[in-house]
Structures are given as C-alpha cells and as structure tokens.
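Student: Supplied in structure tokens, the structure appears directly below.
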Amino acid sequence: MKIRLAKPEDAKQIAEVHVISWKEAYKNIMTEKTLSSITVAKQKKEWDKYLKDEHAQTLVAEKDGRIVGFVIFGDTWDGDLEDKADKSLEIYSIYVDPAEFGKGIGTELLKEMRKHDKRKEVYVWVVVENKWGQFFVKHGFKKQKKTLKDFNFKGEIFPIIRYKK
C-alpha cells in the first residue's frame, strides 16, 4: 500500500470510496432515501472542487493501483478555535473502502496526515450514532463534552460531537 497526496485525476476513485464507505457507515443511521441520493457522479463533482481547495489537503491510500481510502484535512472551521488556528488542524473526512476495513489503512492515513501537517491539536466531528467514532478513540482522541450540536444533512438532523487529540 502506498499513501500519497491526491491529484485532480483521483476525484472519481475518491468519490467511489466516499460513497461506498459513507453508505456503510450510515446505513442504520440515515434513511434509505438519503443514502440513495448520494451518488458517485455527485460526489465526483464535489471532489473536483475539494482537490482544488488551497486550504485543505487530501491523502489517498492506494493498493494495486486502486484508491482504497482517503483523508481530507486542513484549517479548522470552528469559531471557538479561531485563536488556536495556527496550532489546530481539522479532519474533514476519513474513509476506507469497507472491503479493506481492519487492515490498518485508516491508521496509516492518520500517521501520514501528521507528517504533512504538524499542528499540535487535531479535531474531528463525528455523528454520535456512528459506531466508527471508536476509531478516533482508539487513536487517542477524546470527546469534547460541550461541543454537541446538530448537523443537517439533506433535511435530516443528526447530533454530532467534536473529538480532540
């Protein structure tokens, strides 16, 4: 497996991983209608934009020439962290192809991310009901108790909480 910076031509493969892993992560949390509205074509358009964003970096995990995971990270968007912007990093998304779960790919993406961005504090928002939030706990992240808020995704409301390492 190789981890490298994403390139614009990776958008479609990243979108494919994003969609399949999103549907796995949220299959018992989001409605079928919402999940079926998330398509590779729509996500590819989003990734075409994300990969041009100068405020974010994306790393991909590649195995046998195929992207099997990614992490996108950059400046934190949280107003309460503005005074810590120079030392605070936010993980916007990290996903691994469900066929590759349990093989250490997410762990390697986190390690490589830290080599690319050495800011001291790392934050990530997690849907409270998402069992994969335990991945972050396993890697030393702790829930920040007073950060619980609602996240509106396509008209559905989900409680989310911020983790910090």
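We label chains A, B, ... in the order they appear in the structure tokens, count residues from 1 in each chain, and number ligands from 1 in the order shown.
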For Gly140 (chain A), please output as a list in words all residues within 10 Å (counting only C-alpha atoms; exclusion window: fewer than 2 positions along the same chain).
Tutor: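 Surrounding residues, per the criterion: Gln134, Phe135, Phe136, Val137, Lys138, Lys142, Tyr163, Lys164 and Lys165 of chain A.
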Student: Please report, as a tab-separated table, each residue of region 65-144 of chain A lying at most 12 Å from region 30-40 of chain A, together with the nearest pair of atoms and the separation in Å rounded to one decimal; use only C-alpha atoms, and order rows by chain and ascending residue number.
Tutor:
```
residue	atom	partner	partner_atom	distance
A:Val127	CA	A:Met30	CA	10.7
A:Glu129	CA	A:Met30	CA	10.1
A:Asn130	CA	A:Met30	CA	10.3
```
Student: For the residues in the current selection, export N, CA and C atoms as a short mmCIF file (atom, residue, chain, number, x, y, z; two decimals), in the first residue's frame.
Tutor:
```cif
data_model
loop_
_atom_site.label_atom_id
_atom_site.label_comp_id
_atom_site.auth_asym_id
_atom_site.auth_seq_id
_atom_site.Cartn_x
_atom_site.Cartn_y
_atom_site.Cartn_z
N VAL A 127 -20.69 11.95 13.86
CA VAL A 127 -22.10 11.72 14.16
C VAL A 127 -22.15 10.80 15.38
N GLU A 129 -24.20 8.70 16.63
CA GLU A 129 -24.63 7.31 16.43
C GLU A 129 -23.67 6.49 15.58
N ASN A 130 -22.67 7.11 15.01
CA ASN A 130 -21.75 6.39 14.12
C ASN A 130 -20.76 5.57 14.95
#
```
Student: How far is it from CA of Lys45 (chain A) to CA of Asp10 (chain A), in Å with one decimal?
Tutor: 11.8 Å
Student: Can you list every residue in chain A that DSSP puts in helix (DSSP H, G or I), as a PyMOL selection string?
Tutor: chain A and resi 8-25+32-36+40-50+79-87+98-100+105-116+131-138+145-147
Student: Which is closer to Leu110 (chain A) than all the others in A:Phe153, A:Tyr95, A:Trp77, A:Trp47, using only C-alpha atoms?
Tutor: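 That would be A:Tyr95, the residue with the smallest distance to Leu110 (chain A).
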Student: What is the CA of Lys23 (chain A)-CA of Val96 (chain A) distance in Å, reported with one decimal?
Tutor: 11.6 Å
Student: Can you pull out every residue within 8 Å of Pro8 (chain A), counting only C-alpha atoms, but drop anything in the same chain fewer than 4 positions away, and send it as a PyMOL selection string?
Tutor: chain A and resi 48+51-52
Student: Which residue gives the smallest distance to His139 (chain A) among A:Lys111, A:Lys42, A:Lys87, A:Lys154, with only C-alpha atoms counted?
Tutor: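 Of A:Lys111, A:Lys42, A:Lys87, A:Lys154, the one nearest His139 (chain A), counting only C-alpha atoms, is A:Lys111.
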Student: Write out as a VMD selection string all residues of region 113-143 of chain A that backbone DSSP assigns to strand (DSSP E).
Tutor: chain A and resid 121 to 127 142 to 143
Student: If you count only C-alpha atoms, which residues fall within 12 Å of Ala85 (chain A), apart from same-chain ones fewer than 6 positions away, as an MDAnalysis selection string?
Tutor: chainID A and resid 74:79 119:123
Student: Counting only C-alpha atoms, give me one row per residue of region 67-151 of chain A with an atom at most 7 Å from an atom of region 156-162 of chain A, showing the shortest contact pair and its distance in Å to one decimal, sorted by chain then residue number, as a tab-separated table.
Tutor:
```
residue	atom	partner	partner_atom	distance
A:Tyr123	CA	A:Arg162	CA	6.7
A:Val124	CA	A:Arg162	CA	5.6
A:Trp125	CA	A:Arg162	CA	4.4
A:Val126	CA	A:Ile160	CA	5.3
A:Val127	CA	A:Ile160	CA	4.2
A:Val128	CA	A:Ile160	CA	5.1
A:Lys143	CA	A:Arg162	CA	6.0
A:Gln144	CA	A:Arg162	CA	5.7
A:Thr147	CA	A:Ile161	CA	5.6
A:Leu148	CA	A:Ile161	CA	4.5
A:Lys149	CA	A:Ile160	CA	5.6
A:Asp150	CA	A:Pro159	CA	4.4
A:Phe151	CA	A:Phe158	CA	5.1
```
Student: CA of His55 (chain A) to CA of Asp97 (chain A): how many Å, to one decimal?
Tutor: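 A separation of 25.1 Å between them.
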Student: So, with only C-alpha atoms as the atoms that count, which of A:Ala25, A:Leu59, A:Ile91, A:Ile67 lies closest to Gln13 (chain A)?
Tutor: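 Of A:Ala25, A:Leu59, A:Ile91, A:Ile67, the one nearest Gln13 (chain A) is A:Ile67, counting only C-alpha atoms.
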